[in-house]
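Chemist: Sending over a structure as structure tokens; questions will come in a sec.
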Amino acid sequence: MRPTLDCGWIYRGILRAAALLLPRSERPEWLTEWNSELWYLVSANCPAACFSLKATCFCLGSWKDAAWLRRNGECHMFAPRLWLRSPVLCVSFLTVLAAVTTALAFYESLLQSPYVDRRFALAQLFQIAVAILILPATTPMTLGAGGAAAELPSHWTRLRWWLFLVVKATLILPIVFCGTLDFGPFIASSGLRPQAMLIGYFLGFRWLLVDQRKRCPVCLRQLTNPIRIGQASSTVLDWYGTELMCEKGHGLMYVPGTLANSYSTHRWLRLDSSWRSLFL
Amino acid sequence: MVAEAKLTHSATMILQAIDAGNVYGLSIMDATGLPSGTVYPALRRLERDALIRSSWEPQKIADAEQRPARKYYKLTRSGKARLESAQQRYPLLAALATVRKGE
């Protein structure tokens with residue numbers, strides 16, 4: 001017989017909220033396991049006085065579990081997004097987003113005075129500078145294999161790498177600027193709009209770096225097929241991290257799992273044309 | 001030769017609990033006294049390292065007893081070998097598991 005649970009919705013709510021940390025594909029099985037265990041906890045008939053504390057502690061543990069899976073679920077961390085996979089798709093997606101947000105801002109007459117004037121433009125430059133200053137506190141400022149000149153085969157490849165980065169950065173600026181003007185009233189009062197813009201610039205630049213690091217330095221496509229190598233507890237002399245592959249067969253990228261690793265930077269292993277037959 | 005990664009004390013206790021017959025999350029928590037926030041991530045890690053494997057109970061059995069199906073954990077061969085070497089490192093581990101079971 002199914003046991004009754006007075007505040008069951010609270011516990012199920014905690015579990016469902018924790019499940020949001022997981023990739024969508026893993027949520028159903030994860031929730032089934034936790035809900036099943038909660039059912040058995042309820043049916044254990046422990047005294048009512050201690051039950052709510054026990055059940056709450058049990059359900060709060062699900063956050064730690066979900067966070068662990070999110071951190072270590074490599075498929076989620078490195079899963080390529082279809083609309084960002086190739087450089088053309090990525091630039092097209094950002095261009096469409098920039099065009100839509102800018103058109104909306106024009107339509108709402110938000111890009112004219114009194115909303116936008118010279119002081120406002122200076123404030124934007126200041127916010128961009130602050131966002132760039134905050135960036136190193138949250139993510140390494142390296143650009144992965146492509147940032148190292150020695151890893152790239154030719155000047156043209158190097159130029160394309162930097163050009164792609166500049167184009168993405170240029171498109172992010174109008175997306176954040178116009179996007180915050182368009183949707184600002186929905187997310188914050190007018191007094192908080194500058195802070196929303198600062199957060200927007202910060203998140204945009206952070207994504208820019210993270211996305212650039214996950215790309216093949218030769219063809220600029222997102223790297224795929226993540227494989228975990230080593231163990232987190234063996235980081236001093238062994239290597240612990242994730243190996244990613246360019247689906248066009250240009251090479252393999254080694255991403256360190258922790259900075260305490262003996263190899264603490266991204267490494268790119270270039271594959272010559274003899275390997276090409278193994279790839280599509 | 002590739003060195004084996006050291007098992008933490010919690011992970012060893014969980015392996016010991018599974019070996020003693022506590023094959024699902026809640027019973028492992030009871031046997032080890034560890035909170036859910038420690039046990040479940042440790043189970044994921046042990047499964048990723050191929051020291052344990054999990055399987056869902058057949059739905060038919062659970063339906064017949066009008067309860068939800070459970071996810072069971074079982075030691076793999078390498079998990080058993082690692083537990084044996086860990087028991088030499090933590091000699092009181094087996095005794096602790098027996099005491100907790102008897103409580």
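Here's how to read the names in the structure tokens: chain A, B, ... by the order shown, residue numbers from 1 in each chain, ligand numbers from 1 in the order shown.
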Select all residues from chain B having any atom no more than 8 Å from an atom of chain A (counting only C-alpha atoms, ignoring ligands), output as a CSV table (one decimal) with C-alpha atoms, in the first residue's frame.
Modeler:
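Writing done, so here's part21.csv:
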chain,number,residue,atom,x,y,z
B,5,ALA,CA,43.6,5.3,-7.3
B,6,LYS,CA,43.1,5.4,-3.6
B,25,GLY,CA,20.8,3.7,-1.7
B,26,LEU,CA,18.7,3.9,1.5
B,35,PRO,CA,24.0,11.2,4.5
B,36,SER,CA,22.4,10.9,1.1
B,37,GLY,CA,24.5,13.8,-0.3
B,38,THR,CA,27.6,11.6,0.3
B,40,TYR,CA,24.6,8.9,-4.0
B,41,PRO,CA,27.5,10.9,-5.6
B,44,ARG,CA,27.9,7.4,-9.2
B,66,GLN,CA,2.5,-2.4,-5.1
B,67,ARG,CA,5.7,-0.4,-4.6
B,68,PRO,CA,8.1,1.5,-6.8
B,69,ALA,CA,11.0,-0.4,-8.5
B,70,ARG,CA,14.4,0.0,-6.9
B,71,LYS,CA,17.8,0.5,-8.3
Chemist: Would you list the contacts of range 51-53 of chain B as a compact mmCIF listing (two decimals) with C-alpha atoms, in the first residue's frame, taking every protein, DNA or RNA residue within 12 Å and counting only C-alpha atoms, but skipping same-chain residues closer than 6 positions in sequence?
Modeler:
# COMPACT_ATOMS: atom_id res chain seq x y z
CA ALA B 5 43.58 5.35 -7.33
CA LEU B 7 39.59 4.85 -2.30
CA ALA B 11 33.82 4.99 -0.69
CA THR B 12 35.35 2.00 1.09
CA ILE B 14 29.99 2.02 0.77
CA LEU B 15 31.74 -0.87 -1.00
CA GLN B 16 31.74 -2.78 2.28
CA ALA B 17 28.03 -2.06 2.80
CA ILE B 18 27.15 -3.29 -0.69
CA ASP B 19 29.24 -6.41 -0.16
CA VAL B 23 22.18 -3.17 -2.28
CA TYR B 24 20.15 0.03 -2.61
CA ALA B 42 29.91 8.20 -4.25
CA LEU B 43 27.77 5.52 -5.89
CA ARG B 44 27.94 7.41 -9.20
CA ARG B 45 31.70 7.69 -8.91
CA LYS B 71 17.80 0.53 -8.31
CA TYR B 72 20.15 -2.15 -7.02
CA TYR B 73 23.93 -1.88 -6.80
CA LYS B 74 26.31 -4.81 -7.02
CA LEU B 75 30.09 -5.12 -6.71
CA THR B 76 31.99 -5.94 -9.87
CA ARG B 77 34.99 -8.26 -9.86
CA SER B 78 37.40 -5.34 -9.72
CA GLY B 79 35.25 -3.78 -6.97
CA LYS B 80 35.63 -6.95 -4.88
CA ALA B 81 39.38 -6.93 -5.41
CA ARG B 82 39.61 -3.27 -4.42
CA LEU B 83 37.48 -3.89 -1.33
Chemist: State, in Å with one decimal place, the distance from CA of Ala44 in chain A to CA of Ala18 in chain A.
Modeler: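 Distance reported for this atom pair: 23.6 Å.
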Chemist: For the strand (DSSP E) assignment from backbone DSSP, which residues of chain B qualify? Please present them as a PDB file with N, CA and C atoms, in the first residue's frame.
Modeler:
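In the end it all went to states.pdb:
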ATOM      1  N   ILE B  52      31.393  -0.816  -9.094  1.00  0.00           N
ATOM      2  CA  ILE B  52      30.047  -1.370  -8.871  1.00  0.00           C
ATOM      3  C   ILE B  52      29.263  -1.226 -10.174  1.00  0.00           C
ATOM      4  N   ARG B  53      28.149  -1.958 -10.258  1.00  0.00           N
ATOM      5  CA  ARG B  53      27.244  -1.727 -11.396  1.00  0.00           C
ATOM      6  C   ARG B  53      25.808  -1.704 -10.869  1.00  0.00           C
ATOM      7  N   SER B  54      24.980  -0.969 -11.542  1.00  0.00           N
ATOM      8  CA  SER B  54      23.600  -0.827 -11.065  1.00  0.00           C
ATOM      9  C   SER B  54      22.636  -1.466 -12.045  1.00  0.00           C
ATOM     10  N   SER B  55      21.494  -1.878 -11.512  1.00  0.00           N
ATOM     11  CA  SER B  55      20.442  -2.425 -12.387  1.00  0.00           C
ATOM     12  C   SER B  55      19.094  -2.159 -11.724  1.00  0.00           C
ATOM     13  N   TRP B  56      18.096  -1.909 -12.541  1.00  0.00           N
ATOM     14  CA  TRP B  56      16.761  -1.680 -12.009  1.00  0.00           C
ATOM     15  C   TRP B  56      16.067  -3.014 -11.748  1.00  0.00           C
ATOM     16  N   LYS B  71      16.551   0.688  -7.563  1.00  0.00           N
ATOM     17  CA  LYS B  71      17.797   0.526  -8.308  1.00  0.00           C
ATOM     18  C   LYS B  71      18.779  -0.201  -7.389  1.00  0.00           C
ATOM     19  N   TYR B  72      19.252  -1.350  -7.842  1.00  0.00           N
ATOM     20  CA  TYR B  72      20.155  -2.154  -7.024  1.00  0.00           C
ATOM     21  C   TYR B  72      21.605  -1.974  -7.466  1.00  0.00           C
ATOM     22  N   TYR B  73      22.491  -2.006  -6.507  1.00  0.00           N
ATOM     23  CA  TYR B  73      23.925  -1.884  -6.800  1.00  0.00           C
ATOM     24  C   TYR B  73      24.620  -3.189  -6.427  1.00  0.00           C
ATOM     25  N   LYS B  74      25.616  -3.539  -7.227  1.00  0.00           N
ATOM     26  CA  LYS B  74      26.309  -4.811  -7.024  1.00  0.00           C
ATOM     27  C   LYS B  74      27.796  -4.584  -7.271  1.00  0.00           C
ATOM     28  N   LEU B  75      28.643  -5.267  -6.496  1.00  0.00           N
ATOM     29  CA  LEU B  75      30.092  -5.118  -6.713  1.00  0.00           C
ATOM     30  C   LEU B  75      30.501  -5.838  -7.987  1.00  0.00           C
TER      31      LEU B  75
END
Chemist: I'd like the contact shell of Leu208 in chain A - 9 Å cut-off, only C-alpha atoms, skipping same-chain residues fewer than 4 positions apart - returned as a PyMOL selection string.
Modeler: chain A and resi 165+168-169+172+203-204+212-213
Chemist: Mind dumping the selected residues with N, CA and C atoms as a JSON list (two decimals), in the first residue's frame?
Modeler:
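Output file selection-v3.json is given in full below:
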[["chain", "number", "residue", "atom", "x", "y", "z"],
["A", 165, "LEU", "N", 36.90, 34.74, -33.46],
["A", 165, "LEU", "CA", 36.74, 35.26, -32.09],
["A", 165, "LEU", "C", 36.25, 36.71, -32.12],
["A", 168, "LYS", "N", 32.55, 36.95, -33.21],
["A", 168, "LYS", "CA", 31.64, 36.55, -32.13],
["A", 168, "LYS", "C", 31.54, 37.66, -31.08],
["A", 169, "ALA", "N", 32.70, 38.24, -30.73],
["A", 169, "ALA", "CA", 32.70, 39.32, -29.71],
["A", 169, "ALA", "C", 31.91, 40.51, -30.22],
["A", 172, "ILE", "N", 28.22, 39.76, -29.96],
["A", 172, "ILE", "CA", 27.71, 39.66, -28.58],
["A", 172, "ILE", "C", 27.32, 41.04, -28.05],
["A", 203, "LEU", "N", 28.41, 37.49, -18.84],
["A", 203, "LEU", "CA", 28.05, 36.13, -19.29],
["A", 203, "LEU", "C", 28.39, 35.94, -20.77],
["A", 204, "GLY", "N", 28.19, 36.99, -21.55],
["A", 204, "GLY", "CA", 28.50, 36.92, -22.98],
["A", 204, "GLY", "C", 29.98, 36.69, -23.23],
["A", 212, "GLN", "N", 35.19, 29.21, -27.48],
["A", 212, "GLN", "CA", 36.40, 29.21, -28.33],
["A", 212, "GLN", "C", 37.34, 28.08, -27.92],
["A", 213, "ARG", "N", 37.39, 27.79, -26.61],
["A", 213, "ARG", "CA", 38.28, 26.72, -26.14],
["A", 213, "ARG", "C", 37.81, 25.34, -26.57]]
Chemist: Quick one, how far is CA of Arg118 in chain A from CA of Val96 in chain A?
Modeler: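 Distance reported for this atom pair: 27.2 Å.
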Chemist: Rounded to one decimal in Å, what is the spacing between CA of Leu82 in chain A and CA of Pro217 in chain A?
Modeler: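 If I compute the distance from CA of Leu82 in chain A to CA of Pro217 in chain A, I get 18.6 Å.
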